file final_27.pdb (PDB, C-alpha atoms)
ATOM      1  CA  MET U   1     -65.560-106.782 120.942  1.00  0.00           C
ATOM      2  CA  VAL U   2     -68.026-109.132 122.657  1.00  0.00           C
ATOM      3  CA  GLY U   3     -70.110-109.165 119.481  1.00  0.00           C
ATOM      4  CA  LEU U   4     -67.104-110.366 117.483  1.00  0.00           C
ATOM      5  CA  TRP U   5     -66.514-113.229 119.893  1.00  0.00           C
ATOM      6  CA  LYS U   6     -70.173-114.269 119.580  1.00  0.00           C
ATOM      7  CA  ARG U   7     -69.772-114.349 115.787  1.00  0.00           C
ATOM      8  CA  GLY U   8     -66.871-116.773 116.113  1.00  0.00           C
ATOM      9  CA  ILE U   9     -64.063-114.361 115.227  1.00  0.00           C
ATOM     10  CA  SER U  10     -61.211-115.397 117.475  1.00  0.00           C
ATOM     11  CA  GLY U  11     -57.882-113.691 118.037  1.00  0.00           C
ATOM     12  CA  VAL U  12     -59.305-110.187 117.849  1.00  0.00           C
ATOM     13  CA  GLY U  13     -57.506-107.954 120.307  1.00  0.00           C
ATOM     14  CA  LEU U  14     -54.671-110.389 120.944  1.00  0.00           C
ATOM     15  CA  LEU U  15     -51.182-108.973 120.552  1.00  0.00           C
ATOM     16  CA  LYS U  16     -48.535-110.704 118.498  1.00  0.00           C
ATOM     17  CA  GLN U  17     -45.775-111.990 120.764  1.00  0.00           C
ATOM     18  CA  ASP U  18     -42.404-110.237 120.535  1.00  0.00           C
ATOM     19  CA  LYS U  19     -39.576-112.214 118.987  1.00  0.00           C
ATOM     20  CA  MET U  20     -36.868-109.785 120.114  1.00  0.00           C
ATOM     21  CA  THR U  21     -36.064-108.224 123.452  1.00  0.00           C
ATOM     22  CA  ARG U  22     -36.259-104.466 123.835  1.00  0.00           C
ATOM     23  CA  ASP U  23     -32.467-104.151 123.601  1.00  0.00           C
ATOM     24  CA  GLU U  24     -32.171-106.525 120.629  1.00  0.00           C
ATOM     25  CA  ARG U  25     -34.832-104.512 118.771  1.00  0.00           C
ATOM     26  CA  MET U  26     -33.075-101.196 119.333  1.00  0.00           C
ATOM     27  CA  ILE U  27     -29.653-102.556 118.374  1.00  0.00           C
ATOM     28  CA  ALA U  28     -31.082-104.067 115.186  1.00  0.00           C
ATOM     29  CA  LEU U  29     -32.845-100.798 114.395  1.00  0.00           C
ATOM     30  CA  MET U  30     -29.602 -98.819 114.795  1.00  0.00           C
ATOM     31  CA  LYS U  31     -27.810-101.326 112.556  1.00  0.00           C
ATOM     32  CA  ARG U  32     -30.625-101.040 109.965  1.00  0.00           C
ATOM     33  CA  GLN U  33     -31.443-104.716 110.341  1.00  0.00           C
ATOM     34  CA  PRO U  34     -34.963-106.203 110.318  1.00  0.00           C
ATOM     35  CA  ILE U  35     -36.947-105.875 113.553  1.00  0.00           C
ATOM     36  CA  ASP U  36     -39.966-107.820 114.796  1.00  0.00           C
ATOM     37  CA  ARG U  37     -42.119-104.731 115.366  1.00  0.00           C
ATOM     38  CA  ILE U  38     -41.950-100.957 115.520  1.00  0.00           C
ATOM     39  CA  PRO U  39     -40.442 -99.726 118.804  1.00  0.00           C
ATOM     40  CA  PHE U  40     -43.041 -97.957 120.921  1.00  0.00           C
ATOM     41  CA  GLY U  41     -42.711 -95.314 123.577  1.00  0.00           C
ATOM     42  CA  TYR U  42     -45.087 -93.106 125.519  1.00  0.00           C
ATOM     43  CA  ARG U  43     -44.833 -89.326 125.386  1.00  0.00           C
ATOM     44  CA  ASN U  44     -45.775 -88.501 128.989  1.00  0.00           C
ATOM     45  CA  PHE U  45     -43.404 -91.119 130.313  1.00  0.00           C
ATOM     46  CA  THR U  46     -42.476 -89.242 133.489  1.00  0.00           C
ATOM     47  CA  GLY U  47     -46.013 -88.631 134.695  1.00  0.00           C
ATOM     48  CA  PHE U  48     -47.356 -92.051 133.835  1.00  0.00           C
ATOM     49  CA  SER U  49     -44.337 -93.784 135.389  1.00  0.00           C
ATOM     50  CA  ALA U  50     -44.912 -91.899 138.649  1.00  0.00           C
ATOM     51  CA  PHE U  51     -48.611 -92.792 138.654  1.00  0.00           C
ATOM     52  CA  ASN U  52     -47.887 -96.406 137.683  1.00  0.00           C
ATOM     53  CA  CYS U  53     -45.477 -96.882 140.612  1.00  0.00           C
ATOM     54  CA  GLY U  54     -47.314 -94.822 143.230  1.00  0.00           C
ATOM     55  CA  TYR U  55     -44.803 -91.966 143.328  1.00  0.00           C
ATOM     56  CA  THR U  56     -45.528 -88.249 143.249  1.00  0.00           C
ATOM     57  CA  MET U  57     -44.441 -85.988 140.415  1.00  0.00           C
ATOM     58  CA  ALA U  58     -42.071 -84.259 142.822  1.00  0.00           C
ATOM     59  CA  ASP U  59     -40.424 -87.649 143.474  1.00  0.00           C
ATOM     60  CA  MET U  60     -39.680 -87.950 139.760  1.00  0.00           C
ATOM     61  CA  PHE U  61     -37.680 -84.714 139.761  1.00  0.00           C
ATOM     62  CA  THR U  62     -36.127 -84.731 143.219  1.00  0.00           C
ATOM     63  CA  ASP U  63     -35.274 -88.425 143.753  1.00  0.00           C
ATOM     64  CA  VAL U  64     -33.213 -89.654 140.828  1.00  0.00           C
ATOM     65  CA  GLN U  65     -33.298 -93.294 142.001  1.00  0.00           C
ATOM     66  CA  LYS U  66     -37.111 -93.333 142.242  1.00  0.00           C
ATOM     67  CA  CYS U  67     -37.313 -91.703 138.807  1.00  0.00           C
ATOM     68  CA  PHE U  68     -34.966 -94.257 137.255  1.00  0.00           C
ATOM     69  CA  ASP U  69     -36.726 -97.206 138.930  1.00  0.00           C
ATOM     70  CA  ALA U  70     -40.232 -96.013 138.011  1.00  0.00           C
ATOM     71  CA  MET U  71     -39.310 -95.434 134.372  1.00  0.00           C
ATOM     72  CA  THR U  72     -37.434 -98.733 134.104  1.00  0.00           C
ATOM     73  CA  TRP U  73     -40.244-100.747 135.701  1.00  0.00           C
ATOM     74  CA  THR U  74     -42.921 -99.057 133.592  1.00  0.00           C
ATOM     75  CA  ALA U  75     -40.994 -99.543 130.345  1.00  0.00           C
ATOM     76  CA  GLU U  76     -40.465-103.227 131.142  1.00  0.00           C
ATOM     77  CA  GLN U  77     -44.103-103.686 132.183  1.00  0.00           C
ATOM     78  CA  TYR U  78     -45.458-102.287 128.907  1.00  0.00           C
ATOM     79  CA  GLY U  79     -42.630-103.302 126.567  1.00  0.00           C
ATOM     80  CA  TRP U  80     -41.727 -99.712 125.719  1.00  0.00           C
ATOM     81  CA  GLN U  81     -38.429 -98.665 124.165  1.00  0.00           C
ATOM     82  CA  MET U  82     -37.806 -95.902 126.654  1.00  0.00           C
ATOM     83  CA  THR U  83     -34.598 -94.767 128.283  1.00  0.00           C
ATOM     84  CA  PRO U  84     -35.044 -93.402 131.810  1.00  0.00           C
ATOM     85  CA  MET U  85     -34.242 -89.703 131.965  1.00  0.00           C
ATOM     86  CA  ILE U  86     -35.082 -86.664 134.023  1.00  0.00           C
ATOM     87  CA  VAL U  87     -36.781 -84.088 131.851  1.00  0.00           C
ATOM     88  CA  GLY U  88     -38.236 -80.687 132.522  1.00  0.00           C
ATOM     89  CA  SER U  89     -37.149 -77.468 130.905  1.00  0.00           C
ATOM     90  CA  ALA U  90     -37.440 -75.590 134.198  1.00  0.00           C
ATOM     91  CA  LEU U  91     -34.529 -77.649 135.543  1.00  0.00           C
ATOM     92  CA  ARG U  92     -32.217 -75.689 133.218  1.00  0.00           C
ATOM     93  CA  THR U  93     -33.478 -72.540 134.951  1.00  0.00           C
ATOM     94  CA  LEU U  94     -32.368 -73.964 138.287  1.00  0.00           C
ATOM     95  CA  GLU U  95     -28.952 -74.938 136.939  1.00  0.00           C
ATOM     96  CA  TRP U  96     -28.237 -71.405 135.689  1.00  0.00           C
ATOM     97  CA  GLY U  97     -29.223 -69.726 138.958  1.00  0.00           C
ATOM     98  CA  GLY U  98     -32.995 -69.289 138.692  1.00  0.00           C
ATOM     99  CA  ASP U  99     -35.634 -70.653 141.045  1.00  0.00           C
ATOM    100  CA  ILE U 100     -38.278 -73.294 140.448  1.00  0.00           C
ATOM    101  CA  LYS U 101     -41.364 -74.636 142.182  1.00  0.00           C
ATOM    102  CA  TRP U 102     -41.569 -78.422 142.428  1.00  0.00           C
ATOM    103  CA  PRO U 103     -44.847 -80.070 141.359  1.00  0.00           C
ATOM    104  CA  THR U 104     -47.160 -80.340 144.354  1.00  0.00           C
ATOM    105  CA  SER U 105     -50.512 -81.413 142.902  1.00  0.00           C
ATOM    106  CA  PRO U 106     -51.669 -84.286 140.674  1.00  0.00           C
ATOM    107  CA  PHE U 107     -52.226 -81.744 137.898  1.00  0.00           C
ATOM    108  CA  ALA U 108     -48.668 -80.365 137.957  1.00  0.00           C
ATOM    109  CA  GLN U 109     -46.548 -82.477 135.626  1.00  0.00           C
ATOM    110  CA  ALA U 110     -43.169 -80.736 135.919  1.00  0.00           C
ATOM    111  CA  PRO U 111     -41.249 -78.079 137.836  1.00  0.00           C
ATOM    112  CA  ILE U 112     -42.219 -74.480 137.016  1.00  0.00           C
ATOM    113  CA  ALA U 113     -39.792 -71.570 136.816  1.00  0.00           C
ATOM    114  CA  THR U 114     -40.592 -68.921 139.438  1.00  0.00           C
ATOM    115  CA  ARG U 115     -37.529 -66.721 138.792  1.00  0.00           C
ATOM    116  CA  TYR U 116     -35.560 -66.799 135.568  1.00  0.00           C
ATOM    117  CA  PRO U 117     -31.789 -66.221 135.552  1.00  0.00           C
ATOM    118  CA  VAL U 118     -32.125 -64.126 132.382  1.00  0.00           C
ATOM    119  CA  ILE U 119     -34.647 -61.315 132.063  1.00  0.00           C
ATOM    120  CA  THR U 120     -32.804 -58.615 130.110  1.00  0.00           C
ATOM    121  CA  GLU U 121     -30.265 -58.739 127.318  1.00  0.00           C
ATOM    122  CA  ASP U 122     -27.552 -57.651 129.764  1.00  0.00           C
ATOM    123  CA  ASP U 123     -28.342 -60.721 131.887  1.00  0.00           C
ATOM    124  CA  VAL U 124     -27.350 -62.903 128.946  1.00  0.00           C
ATOM    125  CA  TRP U 125     -23.949 -61.255 128.679  1.00  0.00           C
ATOM    126  CA  ASN U 126     -23.407 -61.639 132.427  1.00  0.00           C
ATOM    127  CA  LEU U 127     -24.202 -65.370 132.574  1.00  0.00           C
ATOM    128  CA  LYS U 128     -21.408 -67.521 133.911  1.00  0.00           C
ATOM    129  CA  THR U 129     -21.076 -71.215 133.139  1.00  0.00           C
ATOM    130  CA  PRO U 130     -22.244 -73.080 136.242  1.00  0.00           C
ATOM    131  CA  ASP U 131     -20.060 -75.522 138.139  1.00  0.00           C
ATOM    132  CA  VAL U 132     -21.458 -78.867 136.977  1.00  0.00           C
ATOM    133  CA  THR U 133     -20.671 -80.491 140.322  1.00  0.00           C
ATOM    134  CA  THR U 134     -23.104 -78.159 142.117  1.00  0.00           C
ATOM    135  CA  ALA U 135     -25.503 -76.878 139.423  1.00  0.00           C
ATOM    136  CA  GLY U 136     -29.190 -77.600 139.983  1.00  0.00           C
ATOM    137  CA  ILE U 137     -30.091 -81.260 139.606  1.00  0.00           C
ATOM    138  CA  VAL U 138     -26.810 -82.261 137.933  1.00  0.00           C
ATOM    139  CA  PRO U 139     -25.193 -83.556 141.181  1.00  0.00           C
ATOM    140  CA  ARG U 140     -28.222 -85.814 141.782  1.00  0.00           C
ATOM    141  CA  MET U 141     -27.994 -87.144 138.237  1.00  0.00           C
ATOM    142  CA  ILE U 142     -24.252 -87.786 138.556  1.00  0.00           C
ATOM    143  CA  LYS U 143     -24.809 -89.667 141.823  1.00  0.00           C
TER     144      LYS U 143
END
call {"tool": "encode", "arguments": {"input": "final_27.pdb", "output": "structure tokens"}}
result
Amino acid sequence: MVGLWKRGISGVGLLKQDKMTRDERMIALMKRQPIDRIPFGYRNFTGFSAFNCGYTMADMFTDVQKCFDAMTWTAEQYGWQMTPMIVGSALRTLEWGGDIKWPTSPFAQAPIATRYPVITEDDVWNLKTPDVTTAGIVPRMIK
């Protein structure tokens, strides 16, 4: 890049300024109207948001407010079209009566199932729909 600047090529590496807000862009996209640029999001949004805001991965799954704030701040900071959400397939295990281990190291990016609610075919037939007011992380999300 420095070599390009020495050769007099200016503007290399500069980003075009947005003409629409994040919300305006998404609304226009859903209405099939022209947009100023392609909406962008980041795949490992949960992990990067935690790192970006100084939170632990466990915070992102156990403290819904921290998760929401970290994802919102990170999306605004980088101009991403992301909607804050708590993800992690192991959380479904918890909601149906299994057990999980919360992430405890920088290398753990999500909860891990330690005991599944379904192991045999008979377990499937014996599953009962959980009470959504008390199931796993659902009460935290509702709050």
call {"tool": "atom_distance", "arguments": {"input": "final_27.pdb", "atom1": "CA of Arg22 in chain U", "atom2": "CA of Gln81 in chain U"}}
result
6.2 Å
call {"tool": "closest_residue", "arguments": {"input": "final_27.pdb", "among": "U:Ala113, U:Ala28, U:Leu127, U:Ile35", "to": "Leu94 in chain U", "atoms": "all atoms listed in the file"}}
result
U:Ala113
call {"tool": "resolve_selection", "arguments": {"input": "final_27.pdb", "expression": "the PyMOL selection byres ((chain U and resi 143) around 12)", "output": "count of residues only"}}
result
11
call {"tool": "resolve_selection", "arguments": {"input": "final_27.pdb", "expression": "the PyMOL selection byres ((chain U and resi 106) around 10)", "output": "list in words"}}
result
Gly47, Phe51, Thr56, Met57, Ala58, Pro103, Thr104, Ser105, Phe107, Ala108 and Gln109 of chain U
call {"tool": "atom_distance", "arguments": {"input": "final_27.pdb", "atom1": "CA of Pro130 in chain U", "atom2": "CA of Arg92 in chain U"}}
result
10.7 Å
call {"tool": "axis_aligned_box", "arguments": {"input": "final_27.pdb", "around": "range 137-143 of chain U", "padding_each_side": "5 Å", "output": "JSON"}}
result
{"center_x": -27.2, "center_y": -85.5, "center_z": 139.9, "size_x": 15.8, "size_y": 18.4, "size_z": 13.9}
call {"tool": "atom_distance", "arguments": {"input": "final_27.pdb", "atom1": "CA of Pro39 in chain U", "atom2": "CA of Met26 in chain U"}}
result
7.5 Å
call {"tool": "resolve_selection", "arguments": {"input": "final_27.pdb", "expression": "the PyMOL selection byres ((chain U and resi 99) around 10)", "output": "list in words"}}
result
Ala90, Leu91, Arg92, Thr93, Leu94, Glu95, Trp96, Gly97, Gly98, Ile100, Lys101, Trp102, Pro111, Ile112, Ala113, Thr114, Arg115, Tyr116, Pro117 and Gly136 of chain U
call {"tool": "build_atoms", "arguments": {"input": "final_27.pdb", "residues": "range 32-53 of chain U", "atoms": "N, CA and C atoms", "output": "PDB file, keeping the file's coordinate frame"}}
result
ATOM      1  N   ARG U  32     -29.786-100.956 111.171  1.00  0.00           N
ATOM      2  CA  ARG U  32     -30.625-101.040 109.965  1.00  0.00           C
ATOM      3  C   ARG U  32     -30.908-102.477 109.558  1.00  0.00           C
ATOM      4  N   GLN U  33     -31.088-103.317 110.555  1.00  0.00           N
ATOM      5  CA  GLN U  33     -31.443-104.716 110.341  1.00  0.00           C
ATOM      6  C   GLN U  33     -32.937-104.885 110.588  1.00  0.00           C
ATOM      7  N   PRO U  34     -33.529-105.983 110.095  1.00  0.00           N
ATOM      8  CA  PRO U  34     -34.963-106.203 110.318  1.00  0.00           C
ATOM      9  C   PRO U  34     -35.295-106.296 111.813  1.00  0.00           C
ATOM     10  N   ILE U  35     -36.464-105.795 112.172  1.00  0.00           N
ATOM     11  CA  ILE U  35     -36.947-105.875 113.553  1.00  0.00           C
ATOM     12  C   ILE U  35     -38.318-106.540 113.554  1.00  0.00           C
ATOM     13  N   ASP U  36     -38.705-107.091 114.710  1.00  0.00           N
ATOM     14  CA  ASP U  36     -39.966-107.820 114.796  1.00  0.00           C
ATOM     15  C   ASP U  36     -41.196-106.918 114.860  1.00  0.00           C
ATOM     16  N   ARG U  37     -41.022-105.692 115.316  1.00  0.00           N
ATOM     17  CA  ARG U  37     -42.119-104.731 115.366  1.00  0.00           C
ATOM     18  C   ARG U  37     -41.541-103.327 115.524  1.00  0.00           C
ATOM     19  N   ILE U  38     -42.377-102.340 115.363  1.00  0.00           N
ATOM     20  CA  ILE U  38     -41.950-100.957 115.520  1.00  0.00           C
ATOM     21  C   ILE U  38     -41.772-100.662 117.004  1.00  0.00           C
ATOM     22  N   PRO U  39     -40.632-100.093 117.398  1.00  0.00           N
ATOM     23  CA  PRO U  39     -40.442 -99.726 118.804  1.00  0.00           C
ATOM     24  C   PRO U  39     -41.495 -98.700 119.220  1.00  0.00           C
ATOM     25  N   PHE U  40     -41.983 -98.834 120.437  1.00  0.00           N
ATOM     26  CA  PHE U  40     -43.041 -97.957 120.921  1.00  0.00           C
ATOM     27  C   PHE U  40     -42.634 -97.298 122.219  1.00  0.00           C
ATOM     28  N   GLY U  41     -42.956 -96.037 122.340  1.00  0.00           N
ATOM     29  CA  GLY U  41     -42.711 -95.314 123.577  1.00  0.00           C
ATOM     30  C   GLY U  41     -43.894 -94.422 123.877  1.00  0.00           C
ATOM     31  N   TYR U  42     -43.966 -93.926 125.079  1.00  0.00           N
ATOM     32  CA  TYR U  42     -45.087 -93.106 125.519  1.00  0.00           C
ATOM     33  C   TYR U  42     -44.591 -91.702 125.779  1.00  0.00           C
ATOM     34  N   ARG U  43     -45.306 -90.711 125.305  1.00  0.00           N
ATOM     35  CA  ARG U  43     -44.833 -89.326 125.386  1.00  0.00           C
ATOM     36  C   ARG U  43     -44.748 -88.800 126.824  1.00  0.00           C
ATOM     37  N   ASN U  44     -45.791 -88.995 127.617  1.00  0.00           N
ATOM     38  CA  ASN U  44     -45.775 -88.501 128.989  1.00  0.00           C
ATOM     39  C   ASN U  44     -45.224 -89.590 129.899  1.00  0.00           C
ATOM     40  N   PHE U  45     -44.030 -89.995 129.614  1.00  0.00           N
ATOM     41  CA  PHE U  45     -43.404 -91.119 130.313  1.00  0.00           C
ATOM     42  C   PHE U  45     -43.158 -90.812 131.783  1.00  0.00           C
ATOM     43  N   THR U  46     -42.769 -89.601 132.106  1.00  0.00           N
ATOM     44  CA  THR U  46     -42.476 -89.242 133.489  1.00  0.00           C
ATOM     45  C   THR U  46     -43.726 -89.311 134.354  1.00  0.00           C
ATOM     46  N   GLY U  47     -44.784 -88.662 133.915  1.00  0.00           N
ATOM     47  CA  GLY U  47     -46.013 -88.631 134.695  1.00  0.00           C
ATOM     48  C   GLY U  47     -46.643 -90.000 134.848  1.00  0.00           C
ATOM     49  N   PHE U  48     -46.731 -90.740 133.751  1.00  0.00           N
ATOM     50  CA  PHE U  48     -47.356 -92.051 133.835  1.00  0.00           C
ATOM     51  C   PHE U  48     -46.520 -93.001 134.683  1.00  0.00           C
ATOM     52  N   SER U  49     -45.207 -92.925 134.581  1.00  0.00           N
ATOM     53  CA  SER U  49     -44.337 -93.784 135.389  1.00  0.00           C
ATOM     54  C   SER U  49     -44.541 -93.513 136.877  1.00  0.00           C
ATOM     55  N   ALA U  50     -44.670 -92.248 137.248  1.00  0.00           N
ATOM     56  CA  ALA U  50     -44.912 -91.899 138.649  1.00  0.00           C
ATOM     57  C   ALA U  50     -46.240 -92.492 139.110  1.00  0.00           C
ATOM     58  N   PHE U  51     -47.282 -92.275 138.326  1.00  0.00           N
ATOM     59  CA  PHE U  51     -48.611 -92.792 138.654  1.00  0.00           C
ATOM     60  C   PHE U  51     -48.593 -94.323 138.736  1.00  0.00           C
ATOM     61  N   ASN U  52     -47.946 -94.943 137.774  1.00  0.00           N
ATOM     62  CA  ASN U  52     -47.887 -96.406 137.683  1.00  0.00           C
ATOM     63  C   ASN U  52     -47.211 -97.032 138.907  1.00  0.00           C
ATOM     64  N   CYS U  53     -46.244 -96.336 139.485  1.00  0.00           N
ATOM     65  CA  CYS U  53     -45.477 -96.882 140.612  1.00  0.00           C
ATOM     66  C   CYS U  53     -45.872 -96.287 141.959  1.00  0.00           C
TER      67      CYS U  53
END
